[in-house]
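Enquirer: Provided herewith is a single structure, encoded as structure tokens, for subsequent inquiry.
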Amino acid sequence: MKSWQTSCIPNNKKYVRICTALAVLVLAVALLNLCLGAQKVPLGQVLQALVGEGAGTTAFRIVRYVRLPRLCACLLAGGALAASGAIIQGVLSNALAAPSTIGVNAGAGLMVALCCAVAPTALQLVPLAAMAGAFLGVMTVMLIARRTGASKITLVLAGVAVSSIFSAGIDAVVTFVPEALNGYSDFRIGGFSGVSMTRILPALWPAVLSFAASLLLHNEMDVLLLGTEQARSLGLPAEKLRIALLGLAAVLAGAAVSVGGLVGFVGLIVPHIMRGLVGEESGPLLVSSALGGAALLGGCDLMGRMLFTPYEIPVGIVMSLAGGPFFIWLLQRRGRLRD
């Protein structure tokens, strides 16, 4: 049986068809998010608002100032998390790896908890604290791994250890400053309620540049799938390359966390699904994962707003309720669990 990390070259026509279908799905999800909600907006008025017509109308304000920023945040967070998960799973050769494996979630959570404890009214600092915490977690993991040898198992173990320490720090902050729990709870669950463009823009360019850099390194990622010794024999500095790719994955995940909170399962599920569709080659996998993650998170956010009216369910809860059982089913189908 072929192992999951074995590289295979996908059929180009099949890959183009899949990516085209995913792009159409993202577009459909985007239009549905803009049209549907507590107040339905006809498609014609949505298109007018997007091109700047009808300023001052209720439909214009709903689309431009409420639903469009929320949609952009969904697409950015979903695409960045899925691409980050694809990079991490490939670099670590671990089918269960995700952004939380390298300390992103724990680091971001600790900094947000501290921010809520020190400055509970400065909500604009939460995204910056989340991104800074994500970087802190990843840099700590990389420093430990570099000091002890940046092998795949070392990175995973370092991530587990750092996440445990940071999680203990979160519990300590919440214990000594109970007021911090209110602001931290929203971030921990994950959601896009009240998000604005000023919160999205600081995370947009780091995510775009990191994704572009990871695409430029897709051939090196394919070589890493062959193993450390094979990569060295081909002249690649395996340890440095692995750390660089994990750094790009950290930027992607940190940008996503800063706008959407600790949304789970996207970085874990989507790369698995796309790997079954386009194969193991890193370039197609990254592109399809980004599109699939954007569509999935956008769809979950729409479900949270529409299926539980008049209450809005945070996207993090919807993603966890749907993602957990689906991932178990996916693992069973791929023969990774035994009854």
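Ligands are numbered from 1 in the order shown, residues from 1 within each chain, and chains are lettered A, B, ... in the order they appear in the structure tokens.
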If you take only C-alpha atoms and a cut-off of 10 Å, which residues of segment 108-209 of chain A touch segment 65-75 of chain A, and what are their nearest atom pairs and distances in Å to one decimal, in chain and number order, as a tab-separated table?
Expert:
```
residue	atom	partner	partner_atom	distance
A:Gly191	CA	A:Cys74	CA	8.9
A:Phe192	CA	A:Arg70	CA	5.9
A:Ser193	CA	A:Arg70	CA	7.2
A:Gly194	CA	A:Val66	CA	7.5
A:Val195	CA	A:Arg70	CA	5.9
A:Ser196	CA	A:Pro69	CA	5.4
A:Met197	CA	A:Pro69	CA	5.5
A:Thr198	CA	A:Pro69	CA	9.1
A:Arg199	CA	A:Ala73	CA	8.8
A:Ile200	CA	A:Ala73	CA	6.4
A:Leu201	CA	A:Ala73	CA	9.5
A:Ala203	CA	A:Ala73	CA	9.6
A:Leu204	CA	A:Ala73	CA	9.2
```
Enquirer: Print the selection's residues with N, CA and C atoms to a file, as a PDB file, in the first residue's frame.
Expert:
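File out-v6.pdb, as written:
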```
ATOM      1  N   GLY A 191     -14.576  33.067  15.580  1.00  0.00           N
ATOM      2  CA  GLY A 191     -15.739  33.622  14.902  1.00  0.00           C
ATOM      3  C   GLY A 191     -15.384  34.924  14.203  1.00  0.00           C
ATOM      4  N   PHE A 192     -16.331  35.410  13.399  1.00  0.00           N
ATOM      5  CA  PHE A 192     -16.064  36.601  12.580  1.00  0.00           C
ATOM      6  C   PHE A 192     -17.083  37.698  12.829  1.00  0.00           C
ATOM      7  N   SER A 193     -17.810  37.624  13.928  1.00  0.00           N
ATOM      8  CA  SER A 193     -18.809  38.641  14.235  1.00  0.00           C
ATOM      9  C   SER A 193     -18.129  39.966  14.543  1.00  0.00           C
ATOM     10  N   GLY A 194     -18.565  41.021  13.868  1.00  0.00           N
ATOM     11  CA  GLY A 194     -18.034  42.349  14.126  1.00  0.00           C
ATOM     12  C   GLY A 194     -16.681  42.633  13.519  1.00  0.00           C
ATOM     13  N   VAL A 195     -16.157  41.746  12.666  1.00  0.00           N
ATOM     14  CA  VAL A 195     -14.843  41.968  12.067  1.00  0.00           C
ATOM     15  C   VAL A 195     -14.918  43.127  11.076  1.00  0.00           C
ATOM     16  N   SER A 196     -13.850  43.888  10.952  1.00  0.00           N
ATOM     17  CA  SER A 196     -13.798  45.036  10.048  1.00  0.00           C
ATOM     18  C   SER A 196     -12.562  44.937   9.157  1.00  0.00           C
ATOM     19  N   MET A 197     -12.556  45.749   8.115  1.00  0.00           N
ATOM     20  CA  MET A 197     -11.425  45.747   7.184  1.00  0.00           C
ATOM     21  C   MET A 197     -10.135  46.199   7.862  1.00  0.00           C
ATOM     22  N   THR A 198     -10.240  47.074   8.848  1.00  0.00           N
ATOM     23  CA  THR A 198      -9.034  47.516   9.551  1.00  0.00           C
ATOM     24  C   THR A 198      -8.398  46.372  10.329  1.00  0.00           C
ATOM     25  N   ARG A 199      -9.164  45.367  10.677  1.00  0.00           N
ATOM     26  CA  ARG A 199      -8.625  44.191  11.363  1.00  0.00           C
ATOM     27  C   ARG A 199      -8.059  43.183  10.368  1.00  0.00           C
ATOM     28  N   ILE A 200      -8.578  43.206   9.143  1.00  0.00           N
ATOM     29  CA  ILE A 200      -8.149  42.223   8.133  1.00  0.00           C
ATOM     30  C   ILE A 200      -6.861  42.645   7.450  1.00  0.00           C
ATOM     31  N   LEU A 201      -6.732  43.918   7.115  1.00  0.00           N
ATOM     32  CA  LEU A 201      -5.621  44.383   6.284  1.00  0.00           C
ATOM     33  C   LEU A 201      -4.245  44.073   6.870  1.00  0.00           C
ATOM     34  N   ALA A 203      -3.302  41.548   8.402  1.00  0.00           N
ATOM     35  CA  ALA A 203      -3.014  40.124   8.229  1.00  0.00           C
ATOM     36  C   ALA A 203      -2.994  39.702   6.765  1.00  0.00           C
ATOM     37  N   LEU A 204      -3.525  40.541   5.880  1.00  0.00           N
ATOM     38  CA  LEU A 204      -3.676  40.139   4.482  1.00  0.00           C
ATOM     39  C   LEU A 204      -2.338  39.979   3.777  1.00  0.00           C
TER      40      LEU A 204
END
```
Enquirer: Please report, as a tab-separated table, each residue of segment 65-126 of chain A lying at most 6 Å from segment 264-274 of chain A, together with the nearest pair of atoms and the separation in Å rounded to one decimal; use only C-alpha atoms, and order rows by chain and ascending residue number.
Expert:
```
residue	atom	partner	partner_atom	distance
A:Leu81	CA	A:Gly267	CA	4.9
A:Ala82	CA	A:Gly267	CA	4.2
A:Gly85	CA	A:Gly267	CA	4.2
A:Ala86	CA	A:Pro271	CA	5.2
A:Ala98	CA	A:Leu268	CA	5.4
```
Enquirer: Grab the residues selected above and save them as a PDB file, in the first residue's frame with C-alpha atoms.
Expert:
```pdb
ATOM      1  CA  LEU A  81      -5.197  27.786   7.703  1.00  0.00           C
ATOM      2  CA  ALA A  82      -5.644  25.093   5.057  1.00  0.00           C
ATOM      3  CA  GLY A  85      -1.836  22.703   7.409  1.00  0.00           C
ATOM      4  CA  ALA A  86      -0.750  21.346   4.020  1.00  0.00           C
ATOM      5  CA  ALA A  98      -1.828  20.998  12.047  1.00  0.00           C
TER       6      ALA A  98
END
```
Enquirer: Write out as number ranges by chain the residues lying within 10 Å of segment 299-306 of chain A, counting only C-alpha atoms and excluding same-chain residues fewer than 5 positions away.
Expert: A: 25-26, 28-30, 32-34, 36-38, 70-71, 74-75, 191-193, 293-294, 311-320, 322
Enquirer: Using only C-alpha atoms, which residue out of A:Gln45, A:Thr140, A:Ser163, A:Thr175 lies closest to Pro99 of chain A?
Expert: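 Closest to Pro99 of chain A, using only C-alpha atoms: A:Ser163.
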Enquirer: Using DSSP on the backbone, list every residue of segment 91-291 of chain A that comes out as alpha helix (DSSP H), and give them as number ranges by chain.
Expert: A: 91-92, 104-118, 126-148, 152-176, 180-189, 197-216, 218-224, 228-233, 238-260, 266-278, 282-291
